[in-house]
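For reference, entry12.txt is printed below; it contains compact mmCIF, C-alpha atoms.
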```txt
# COMPACT_ATOMS: atom_id res chain seq x y z
CA MET A 1 12.90 10.26 31.31
CA LYS A 2 15.80 8.96 29.23
CA PRO A 3 14.77 8.48 25.57
CA LEU A 4 13.96 4.93 24.54
CA LYS A 5 16.38 3.50 21.99
CA ILE A 6 14.37 2.24 19.02
CA ALA A 7 15.74 0.08 16.19
CA VAL A 8 13.85 0.09 12.88
CA VAL A 9 14.87 -2.70 10.50
CA ILE A 10 14.13 -2.67 6.76
CA PRO A 11 16.29 -3.53 3.70
CA LYS A 12 15.47 -0.28 1.86
CA TYR A 13 14.50 2.83 3.81
CA GLY A 14 12.87 5.90 2.28
CA LEU A 15 13.03 4.55 -1.26
CA LEU A 16 10.27 3.61 -3.69
CA GLY A 17 7.85 1.02 -2.30
CA GLY A 18 4.96 0.61 0.11
CA ALA A 19 6.86 -0.85 3.05
CA GLU A 20 9.77 1.53 2.44
CA GLY A 21 7.52 4.58 2.53
CA PHE A 22 5.55 3.24 5.50
CA ALA A 23 8.70 2.80 7.59
CA SER A 24 10.11 6.16 6.55
CA GLU A 25 6.97 8.20 7.18
CA LEU A 26 6.62 6.86 10.71
CA THR A 27 10.29 6.83 11.68
CA LYS A 28 10.97 10.41 10.65
CA ARG A 29 7.94 11.63 12.63
CA LEU A 30 8.95 9.73 15.75
CA SER A 31 12.59 10.81 15.49
CA VAL A 32 11.74 14.42 16.37
CA ARG A 33 9.98 13.40 19.60
CA ASP A 34 11.95 13.66 22.82
CA GLU A 35 10.87 10.20 24.00
CA PHE A 36 12.81 8.34 21.29
CA ASP A 37 16.34 7.84 19.98
CA MET A 38 15.74 6.37 16.51
CA HIS A 39 18.15 4.04 14.69
CA VAL A 40 17.57 2.54 11.24
CA PHE A 41 19.21 -0.72 10.14
CA ALA A 42 19.07 -1.00 6.35
CA ASN A 43 21.03 -2.09 3.32
CA ARG A 44 20.13 1.07 1.39
CA TRP A 45 18.51 4.29 2.47
CA LYS A 46 17.54 7.82 1.57
CA SER A 47 17.94 10.09 4.57
CA GLY A 48 16.61 13.54 5.32
CA ASP A 49 17.30 16.12 8.02
CA GLU A 50 15.71 14.08 10.81
CA PRO A 51 17.87 13.00 13.79
CA ILE A 52 18.14 9.34 12.80
CA ALA A 53 21.25 7.14 13.09
CA PHE A 54 21.74 4.77 10.14
CA HIS A 55 23.52 1.40 10.25
CA HIS A 56 24.43 -0.59 7.16
CA VAL A 57 23.20 -4.20 6.98
CA PRO A 58 25.04 -6.26 4.33
CA ILE A 59 23.19 -8.62 2.01
CA ILE A 60 24.68 -11.58 0.13
CA ARG A 61 22.88 -11.51 -3.22
CA PHE A 62 24.29 -14.63 -4.88
CA PRO A 63 23.06 -17.27 -4.78
CA ARG A 64 19.68 -15.54 -4.46
CA TRP A 65 18.38 -17.83 -1.71
CA LEU A 66 21.00 -16.32 0.61
CA GLU A 67 19.43 -12.84 0.40
CA PRO A 68 16.74 -13.26 3.09
CA ILE A 69 18.98 -15.36 5.34
CA SER A 70 22.00 -13.04 5.08
CA PHE A 71 19.97 -9.90 5.79
CA ALA A 72 18.41 -11.51 8.88
CA TRP A 73 21.77 -12.85 10.08
CA PHE A 74 23.72 -9.60 9.65
CA ALA A 75 20.85 -7.62 11.22
CA ALA A 76 20.92 -9.93 14.25
CA ARG A 77 24.68 -9.48 14.66
CA LEU A 78 24.47 -5.70 14.46
CA LEU A 79 21.49 -5.44 16.83
CA LYS A 80 23.38 -7.41 19.49
CA LYS A 81 25.97 -4.63 19.69
CA TRP A 82 23.36 -2.23 21.02
CA ASN A 83 20.96 -2.38 23.92
CA PHE A 84 17.73 -1.38 22.23
CA ASP A 85 14.53 -0.93 24.19
CA VAL A 86 12.40 -1.83 21.15
CA VAL A 87 13.26 -3.54 17.88
CA HIS A 88 10.65 -2.87 15.20
CA SER A 89 11.16 -4.75 11.94
CA HIS A 90 9.44 -4.20 8.62
CA GLU A 91 11.19 -7.25 7.19
CA ARG A 92 11.56 -10.91 8.04
CA ILE A 93 14.36 -11.29 10.61
CA PHE A 94 15.01 -13.81 13.37
CA ALA A 95 13.86 -11.83 16.44
CA MET A 96 12.15 -8.51 17.16
CA ASP A 97 9.60 -6.92 19.51
CA ILE A 98 7.27 -5.62 16.77
CA LEU A 99 6.84 -6.96 13.24
CA SER A 100 5.03 -4.87 10.63
CA PHE A 101 3.68 -7.34 8.07
CA HIS A 102 3.27 -5.65 4.69
CA GLY A 103 2.42 -8.77 2.68
CA ILE A 104 0.86 -12.15 3.29
CA PRO A 105 3.02 -15.08 4.48
CA HIS A 106 5.50 -15.76 1.70
CA LEU A 107 4.52 -19.31 0.75
CA ALA A 108 0.83 -18.35 0.66
CA TRP A 109 1.70 -15.49 -1.69
CA ARG A 110 3.80 -17.76 -3.89
CA ARG A 111 1.20 -20.50 -4.16
CA ASN A 112 -2.07 -18.55 -4.10
CA VAL A 113 -1.18 -15.29 -5.85
CA ARG A 114 1.75 -16.14 -8.12
CA ARG A 115 0.49 -19.72 -8.48
CA LYS A 116 4.00 -21.15 -8.70
CA ALA A 117 5.80 -23.88 -6.80
CA PRO A 118 8.30 -22.50 -4.26
CA GLY A 119 12.00 -22.46 -5.13
CA LEU A 120 15.04 -22.22 -2.87
CA PHE A 121 14.62 -18.46 -2.44
CA ASP A 122 11.00 -18.93 -1.38
CA LEU A 123 11.83 -21.70 1.07
CA ALA A 124 14.64 -19.61 2.60
CA THR A 125 12.33 -16.60 2.93
CA ALA A 126 9.63 -18.72 4.55
CA TRP A 127 12.16 -20.23 6.98
CA VAL A 128 13.29 -16.79 8.19
CA GLU A 129 9.66 -15.66 8.34
CA LYS A 130 8.63 -18.58 10.55
CA LYS A 131 11.59 -18.05 12.89
CA GLY A 132 10.56 -14.44 13.40
CA VAL A 133 6.80 -14.91 13.69
CA THR A 134 7.16 -17.71 16.23
CA CYS A 135 10.01 -16.22 18.32
CA HIS A 136 9.21 -15.72 22.03
CA ARG A 137 10.41 -12.12 22.00
CA LEU A 138 7.73 -10.97 19.57
CA LYS A 139 5.10 -8.84 21.33
CA LYS A 140 3.01 -7.51 18.44
CA ILE A 141 2.48 -8.30 14.77
CA MET A 142 1.08 -5.36 12.82
CA PRO A 143 -0.51 -6.51 9.53
CA VAL A 144 -1.62 -3.79 7.12
CA SER A 145 -5.10 -5.26 6.60
CA SER A 146 -7.50 -7.93 7.80
CA LEU A 147 -6.60 -10.01 4.70
CA VAL A 148 -3.03 -10.27 6.00
CA ALA A 149 -4.18 -10.88 9.58
CA ARG A 150 -6.35 -13.83 8.53
CA GLU A 151 -3.48 -15.46 6.64
CA LEU A 152 -1.17 -15.07 9.65
CA GLU A 153 -3.75 -16.60 11.97
CA ARG A 154 -4.37 -19.46 9.55
CA LEU A 155 -0.76 -20.34 8.77
CA TYR A 156 0.96 -19.65 12.08
CA ASN A 157 -1.94 -19.85 14.53
CA VAL A 158 -0.99 -16.40 15.85
CA PRO A 159 -3.18 -15.46 18.84
CA LYS A 160 -5.54 -12.59 18.02
CA GLY A 161 -4.25 -10.69 21.07
CA LYS A 162 -0.82 -10.49 19.45
CA ILE A 163 -2.20 -8.93 16.25
CA ARG A 164 -2.76 -5.20 15.96
CA LEU A 165 -3.98 -3.90 12.59
CA ALA A 166 -1.96 -0.93 11.35
CA TYR A 167 -3.31 0.48 8.11
CA PRO A 168 -0.92 2.68 6.14
CA GLY A 169 -1.31 6.42 6.46
CA VAL A 170 -1.59 9.16 3.88
CA SER A 171 -0.04 12.63 3.68
CA LEU A 172 -3.13 14.78 3.25
CA GLU A 173 -1.03 17.90 2.70
CA ARG A 174 0.32 16.37 -0.53
CA PHE A 175 -3.11 16.86 -2.07
CA ASP A 176 -4.04 20.14 -0.41
CA ARG A 177 -1.13 22.13 -1.83
CA TYR A 178 -2.28 21.65 -5.44
CA ASP A 179 -4.88 23.65 -7.35
CA ARG A 180 -7.44 20.99 -8.27
CA GLU A 181 -9.01 22.91 -11.15
CA ARG A 182 -5.63 23.64 -12.69
CA CYS A 183 -4.60 19.97 -12.46
CA ARG A 184 -7.91 18.93 -13.95
CA MET A 185 -7.54 21.31 -16.88
CA GLU A 186 -3.84 20.66 -17.63
CA ILE A 187 -3.75 16.87 -17.23
CA ARG A 188 -6.96 16.34 -19.17
CA ALA A 189 -5.81 18.57 -22.01
CA MET A 190 -2.49 16.71 -22.13
CA HIS A 191 -4.28 13.38 -22.69
CA GLY A 192 -7.17 14.49 -24.88
CA PHE A 193 -10.00 14.70 -22.33
CA SER A 194 -12.30 17.66 -21.80
CA GLY A 195 -13.33 19.13 -18.47
CA ASP A 196 -16.82 17.63 -18.85
CA ASP A 197 -15.67 14.08 -19.58
CA LEU A 198 -16.09 11.38 -16.94
CA VAL A 199 -12.53 10.10 -16.45
CA LEU A 200 -11.58 6.96 -14.57
CA LEU A 201 -8.04 6.61 -13.17
CA PHE A 202 -5.99 3.42 -12.98
CA VAL A 203 -2.65 3.47 -11.12
CA GLY A 204 -0.39 0.44 -10.92
CA MET A 205 2.95 -1.16 -11.75
CA ASN A 206 1.50 -4.54 -12.74
CA PHE A 207 -1.39 -4.24 -15.17
CA GLU A 208 -2.17 -7.95 -15.10
CA VAL A 209 -2.38 -8.34 -11.31
CA LYS A 210 -4.30 -5.05 -10.94
CA ARG A 211 -6.74 -6.33 -13.62
CA LEU A 212 -6.58 -3.49 -16.11
CA ASP A 213 -8.25 -5.86 -18.57
CA LEU A 214 -11.41 -5.94 -16.43
CA VAL A 215 -11.57 -2.14 -16.36
CA VAL A 216 -11.13 -1.87 -20.14
CA ARG A 217 -13.71 -4.59 -20.86
CA GLY A 218 -16.14 -3.03 -18.37
CA ILE A 219 -15.99 0.32 -20.15
CA ALA A 220 -16.44 -1.45 -23.49
CA GLU A 221 -19.50 -3.31 -22.25
CA LEU A 222 -20.99 -0.09 -20.92
CA LYS A 223 -20.52 1.54 -24.32
CA GLN A 224 -22.05 -1.42 -26.13
CA ASN A 225 -25.09 -1.49 -23.83
CA GLY A 226 -25.72 2.19 -24.49
CA LYS A 227 -27.64 2.60 -21.22
CA THR A 228 -25.94 5.87 -20.28
CA GLY A 229 -24.60 8.85 -22.16
CA LYS A 230 -21.64 9.00 -19.79
CA VAL A 231 -19.15 6.38 -20.96
CA PRO A 232 -15.95 7.13 -19.03
CA GLY A 233 -12.54 7.62 -20.46
CA LEU A 234 -9.66 5.79 -18.78
CA LEU A 235 -6.31 7.31 -17.81
CA VAL A 236 -3.67 4.68 -17.00
CA VAL A 237 -0.67 5.70 -14.88
CA GLY A 238 2.16 3.25 -14.22
CA LYS A 239 4.51 0.76 -15.80
CA GLY A 240 3.18 -2.16 -17.79
CA ASP A 241 2.59 -3.54 -21.26
CA ALA A 242 0.83 -0.48 -22.67
CA LYS A 243 0.87 -1.86 -26.22
CA LYS A 244 -0.96 -5.02 -25.17
CA TYR A 245 -3.73 -3.15 -23.38
CA SER A 246 -3.94 -0.48 -26.06
CA ARG A 247 -4.63 -3.29 -28.56
CA LEU A 248 -7.24 -4.70 -26.18
CA ALA A 249 -8.96 -1.31 -26.02
CA GLU A 250 -8.89 -1.03 -29.84
CA ASN A 251 -10.32 -4.54 -30.23
CA CYS A 252 -13.08 -3.67 -27.75
CA GLY A 253 -13.98 -0.54 -29.72
CA ILE A 254 -12.83 2.00 -27.12
CA GLY A 255 -9.30 2.77 -28.32
CA GLY A 256 -9.94 6.52 -28.23
CA LEU A 257 -11.13 6.38 -24.62
CA VAL A 258 -8.03 4.75 -23.07
CA LYS A 259 -4.89 6.86 -22.57
CA PHE A 260 -1.54 5.76 -21.13
CA ALA A 261 0.49 8.29 -19.14
CA GLY A 262 3.37 5.96 -18.20
CA GLU A 263 5.27 6.23 -14.94
CA GLN A 264 4.92 9.54 -13.09
CA GLN A 265 7.15 10.75 -10.28
CA ASP A 266 4.25 12.76 -8.91
CA VAL A 267 0.86 11.10 -9.31
CA VAL A 268 -1.06 13.67 -7.24
CA PRO A 269 -2.07 15.88 -10.21
CA TYR A 270 -3.51 12.78 -11.92
CA TYR A 271 -5.67 11.94 -8.91
CA LEU A 272 -6.96 15.51 -8.84
CA ALA A 273 -7.67 15.48 -12.59
CA CYS A 274 -9.91 12.39 -12.50
CA ASP A 275 -13.37 11.47 -11.20
CA ALA A 276 -12.88 7.98 -9.73
CA LEU A 277 -10.26 5.25 -9.29
CA ALA A 278 -10.49 1.62 -10.42
CA MET A 279 -8.20 -1.07 -8.98
CA PRO A 280 -9.97 -4.48 -9.01
CA SER A 281 -6.76 -6.41 -8.24
CA VAL A 282 -6.39 -10.16 -8.17
CA TYR A 283 -4.75 -9.60 -4.77
CA ASP A 284 -3.41 -6.58 -2.89
CA THR A 285 -2.45 -6.76 0.77
CA PHE A 286 -3.60 -3.14 1.13
CA GLY A 287 -3.32 -0.90 -1.93
CA MET A 288 -1.98 2.54 -1.05
CA VAL A 289 -3.42 4.06 -4.21
CA VAL A 290 -6.91 3.44 -2.81
CA LEU A 291 -6.26 5.55 0.28
CA GLU A 292 -4.49 8.19 -1.80
CA ALA A 293 -7.45 8.36 -4.18
CA MET A 294 -9.82 8.82 -1.26
CA ALA A 295 -7.61 11.63 0.09
CA ALA A 296 -8.02 13.23 -3.35
CA CYS A 297 -11.82 12.90 -3.04
CA LEU A 298 -12.13 10.07 -5.59
CA PRO A 299 -14.67 7.27 -5.17
CA VAL A 300 -12.98 3.89 -5.63
CA ILE A 301 -13.79 0.61 -7.37
CA ILE A 302 -11.85 -2.31 -5.90
CA SER A 303 -12.19 -6.08 -5.47
CA GLU A 304 -12.74 -8.15 -2.33
CA ASN A 305 -9.09 -9.18 -2.47
CA VAL A 306 -7.82 -5.64 -1.96
CA GLY A 307 -6.90 -5.10 1.70
CA ALA A 308 -8.05 -1.48 1.58
CA LYS A 309 -11.63 -2.78 1.46
CA ASP A 310 -11.38 -2.57 5.28
CA ILE A 311 -11.73 1.21 4.98
CA VAL A 312 -14.19 1.31 2.07
CA GLU A 313 -17.90 1.21 2.85
CA PRO A 314 -19.71 0.08 -0.33
CA GLY A 315 -22.10 2.70 -1.66
CA ILE A 316 -20.51 5.39 0.54
CA HIS A 317 -16.89 5.47 -0.62
CA GLY A 318 -17.21 3.46 -3.80
CA TYR A 319 -17.83 -0.16 -4.73
CA VAL A 320 -16.30 -3.54 -3.87
CA LEU A 321 -16.55 -6.07 -6.69
CA PRO A 322 -16.54 -9.84 -6.16
CA ASN A 323 -13.22 -11.57 -6.77
CA ASP A 324 -14.65 -13.29 -9.85
CA ALA A 325 -16.09 -10.04 -11.25
CA ARG A 326 -16.94 -9.96 -14.93
CA PRO A 327 -17.05 -6.91 -17.26
CA GLY A 328 -20.77 -6.66 -16.55
CA ASN A 329 -20.07 -6.06 -12.86
CA MET A 330 -17.68 -3.25 -13.74
CA ALA A 331 -20.14 -1.73 -16.21
CA LYS A 332 -22.87 -1.72 -13.56
CA VAL A 333 -20.89 0.31 -11.03
CA LEU A 334 -19.62 2.65 -13.73
CA THR A 335 -23.24 3.38 -14.58
CA LYS A 336 -23.82 4.39 -10.95
CA LEU A 337 -20.76 6.64 -10.94
CA ALA A 338 -22.09 8.48 -13.99
CA ASP A 339 -24.53 10.16 -11.58
CA THR A 340 -22.79 13.46 -10.74
CA GLY A 341 -24.72 13.96 -7.50
CA LYS A 342 -23.86 10.48 -6.22
CA ARG A 343 -20.22 10.95 -7.18
CA THR A 344 -20.04 14.30 -5.39
CA ARG A 345 -21.48 12.84 -2.17
CA MET A 346 -19.03 9.94 -2.34
CA ALA A 347 -16.14 12.35 -2.89
CA THR A 348 -16.93 14.17 0.36
CA GLU A 349 -17.20 10.92 2.30
CA CYS A 350 -13.96 9.59 0.83
CA ARG A 351 -12.01 12.60 2.04
CA LYS A 352 -13.56 12.32 5.52
CA ARG A 353 -12.54 8.67 5.72
CA ALA A 354 -8.99 9.39 4.51
CA GLU A 355 -8.55 12.04 7.21
CA ARG A 356 -8.77 9.27 9.79
CA PHE A 357 -5.57 7.73 8.41
CA SER A 358 -3.04 10.53 8.60
CA TRP A 359 0.58 9.55 9.24
CA GLU A 360 0.55 11.72 12.37
CA ARG A 361 -2.27 9.72 13.91
CA LEU A 362 -0.55 6.45 13.08
CA ALA A 363 2.70 7.80 14.56
CA ASP A 364 0.85 8.62 17.78
CA ASP A 365 -0.45 5.05 18.00
CA LEU A 366 3.00 3.60 17.34
CA ALA A 367 4.60 5.92 19.92
CA SER A 368 2.20 4.57 22.55
CA LEU A 369 3.11 1.01 21.62
CA TYR A 370 6.85 1.77 21.77
CA LEU A 371 6.42 3.27 25.24
CA ASP A 372 4.32 0.34 26.47
CA ILE A 373 6.86 -2.23 25.29
CA GLY A 374 10.00 -0.26 26.09
CA LEU A 375 9.02 0.76 29.60
CA ASP A 376 7.65 -2.70 30.36
CA LYS A 377 11.02 -4.25 29.46
CA SER A 378 13.30 -1.76 31.21
CA GLY A 379 11.16 0.22 33.60
CA PRO A 380 11.24 4.03 33.69
CA THR A 381 14.73 5.49 33.85
CA PRO A 382 15.27 8.76 35.77
```
Give the structure from the file, written as structure tokens.
Amino acid sequence: MKPLKIAVVIPKYGLLGGAEGFASELTKRLSVRDEFDMHVFANRWKSGDEPIAFHHVPIIRFPRWLEPISFAWFAARLLKKWNFDVVHSHERIFAMDILSFHGIPHLAWRRNVRRKAPGLFDLATAWVEKKGVTCHRLKKIMPVSSLVARELERLYNVPKGKIRLAYPGVSLERFDRYDRERCRMEIRAMHGFSGDDLVLLFVGMNFEVKRLDLVVRGIAELKQNGKTGKVPGLLVVGKGDAKKYSRLAENCGIGGLVKFAGEQQDVVPYYLACDALAMPSVYDTFGMVVLEAMAACLPVIISENVGAKDIVEPGIHGYVLPNDARPGNMAKVLTKLADTGKRTRMATECRKRAERFSWERLADDLASLYLDIGLDKSGPTP
């Protein structure tokens, strides 16, 4: 059978970011399969050795409201030059066969998460989004969590039969090639923790949205209550206002327990060095760090507004806090995680759950969808 020609559309391919990594991990795996001829349409990209053809999509960046419209318009012009069997977009464009939805609808995000009135850029983005979501060509929308799916159904009345959940995957081998005990010893020593300390990990690029304050205040309340001898230390990885939260920790009486590691190119050793992950975000459409933590055998503490709650069974893989959680809620679950036996059982279950979300398995599912759509449109070619 002649390979199906697949177009993958995304502004940045293979660069830093959830959607960028998602598209790259799947595309490079599918590119080595005989059934597919893979093409990427992007404004910027980082390529590897995989047999992928890249096509540059221009973007007009000023005025800013032209960015989403220009990318969609130039992508449409370029796609018309080729006869693709399947067009799979990870970005808002005017027409495609498959749309991977990595966030919630733009206006809902602007109003409900950022809590700001929409500007011209937001209105332009929403206009392109609506054109794509409601186009007749669209066969499947693939939201990364049920949180995203519900917003799509609510705002655009998308039929449930058109929605197919596609959780991100995780590269399990990233964690398996490290020596856990060595990471634990070296990272902890670097930041002033001992091997016996209970250490909580926080990973994020926006401390406010990820609610680092709740984690700090929860640890402080646990220390003040004095109900357990195991008050955890906190290791913060990522970019944010470290001075602000360091002052908060000092004011709460736990300055010596909170350490800031800054941005790290490779976070894996930090996962392996810690005992649990906390990410009680105000809102996260999925939260890749949750799945990565589970792959590293870490129980997780998240909020109901983190999309990864779809894969977290409370009490088995960690804990899901209410959206309006207070420091007392955090302190309560930290008390439970102080139990070494409970934490060990959770660690085993977390790894088992993460193994169900390998990139290879997701690539297999996407390959089946490509074949279903591509062959249905063109019929098998000898």
Please write out, as lines of an AutoDock Vina configuration file, where the centre of an axis-aligned box around all listed atoms of range 212-230 of chain A lies and how long its edges are, in Å to one decimal, after adding 4 Å on each side.
```
center_x = -17.1
center_y = 1.5
center_z = -21.1
size_x = 29.1
size_y = 22.9
size_z = 18.0
```
I'd like the contact shell of Arg180 in chain A - 12 Å cut-off, all atoms listed in the file, skipping same-chain residues fewer than 3 positions apart - returned as number ranges by chain. A: 174-177, 183-188, 195, 268-275, 296-297
Can you pull out the residues contacting Ile93 in chain A? Cut-off 8 Å, using all atoms listed in the file, and skip same-chain residues under 2 positions away; I want them as a PyMOL selection string. chain A and resi 71-73+75-76+89+91+95-96+128-129+131-132
Take the residues from that selection and put them in a file with C-alpha atoms, as a PDB file, in the frame of the given file.
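Contents of part12.pdb, as written:
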```pdb
ATOM      1  CA  PHE A  71      19.970  -9.900   5.790  1.00  0.00           C
ATOM      2  CA  ALA A  72      18.410 -11.510   8.880  1.00  0.00           C
ATOM      3  CA  TRP A  73      21.770 -12.850  10.080  1.00  0.00           C
ATOM      4  CA  ALA A  75      20.850  -7.620  11.220  1.00  0.00           C
ATOM      5  CA  ALA A  76      20.920  -9.930  14.250  1.00  0.00           C
ATOM      6  CA  SER A  89      11.160  -4.750  11.940  1.00  0.00           C
ATOM      7  CA  GLU A  91      11.190  -7.250   7.190  1.00  0.00           C
ATOM      8  CA  ALA A  95      13.860 -11.830  16.440  1.00  0.00           C
ATOM      9  CA  MET A  96      12.150  -8.510  17.160  1.00  0.00           C
ATOM     10  CA  VAL A 128      13.290 -16.790   8.190  1.00  0.00           C
ATOM     11  CA  GLU A 129       9.660 -15.660   8.340  1.00  0.00           C
ATOM     12  CA  LYS A 131      11.590 -18.050  12.890  1.00  0.00           C
ATOM     13  CA  GLY A 132      10.560 -14.440  13.400  1.00  0.00           C
TER      14      GLY A 132
END
```
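Between CA of Gly218 in chain A and CA of Arg247 in chain A lies a distance of 15.4 Å.
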Using only C-alpha atoms, the shortest atom-to-atom distance to Pro168 in chain A among A:Val144, A:Ala261, A:Leu123, A:Val113 belongs to A:Val144
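Here CA of Arg217 in chain A is placed at a distance of 23.6 Å from CA of Gly307 in chain A.
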Sorted by chain and rising residue number, which residues of range 273-340 of chain A lie within 8 Å of range 348-362 of chain A, and what are their closest atom pairs and distances in Å to one decimal, counting all atoms listed in the file, as a tab-separated table?
```
residue	atom	partner	partner_atom	distance
A:Leu291	CA	A:Ala354	CA	6.3
A:Glu292	CA	A:Ala354	CA	7.8
A:Met294	CA	A:Cys350	CA	4.7
A:Ala295	CA	A:Arg351	CA	4.9
A:Ala296	CA	A:Arg351	CA	6.7
A:Cys297	CA	A:Arg351	CA	5.1
A:Leu298	CA	A:Cys350	CA	6.7
A:Pro299	CA	A:Cys350	CA	6.5
A:Ile311	CA	A:Arg353	CA	7.5
A:Ile316	CA	A:Glu349	CA	6.7
A:His317	CA	A:Cys350	CA	5.3
```
Near range 136-140 of chain A, counting only C-alpha atoms, which residues have an atom at most 8 Å away, once you skip same-chain residues fewer than 3 positions from it, shown as a PDB file with C-alpha atoms, keeping the file's coordinate frame?
```pdb
ATOM      1  CA  ALA A  95      13.860 -11.830  16.440  1.00  0.00           C
ATOM      2  CA  MET A  96      12.150  -8.510  17.160  1.00  0.00           C
ATOM      3  CA  ASP A  97       9.600  -6.920  19.510  1.00  0.00           C
ATOM      4  CA  ILE A  98       7.270  -5.620  16.770  1.00  0.00           C
ATOM      5  CA  LEU A  99       6.840  -6.960  13.240  1.00  0.00           C
ATOM      6  CA  GLY A 132      10.560 -14.440  13.400  1.00  0.00           C
ATOM      7  CA  VAL A 133       6.800 -14.910  13.690  1.00  0.00           C
ATOM      8  CA  LYS A 162      -0.820 -10.490  19.450  1.00  0.00           C
ATOM      9  CA  ILE A 163      -2.200  -8.930  16.250  1.00  0.00           C
ATOM     10  CA  ARG A 164      -2.760  -5.200  15.960  1.00  0.00           C
ATOM     11  CA  ILE A 373       6.860  -2.230  25.290  1.00  0.00           C
TER      12      ILE A 373
END
```
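Distances here use only C-alpha atoms; by that measure, the residue among A:Ile141, A:Val86, A:Leu200, A:Ile219 closest to Val300 in chain A is A:Leu200.
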Residue with smallest distance to Leu172 in chain A - pool A:Leu257, A:Ala293, A:Leu155, A:Leu78, counting all atoms listed in the file: A:Ala293
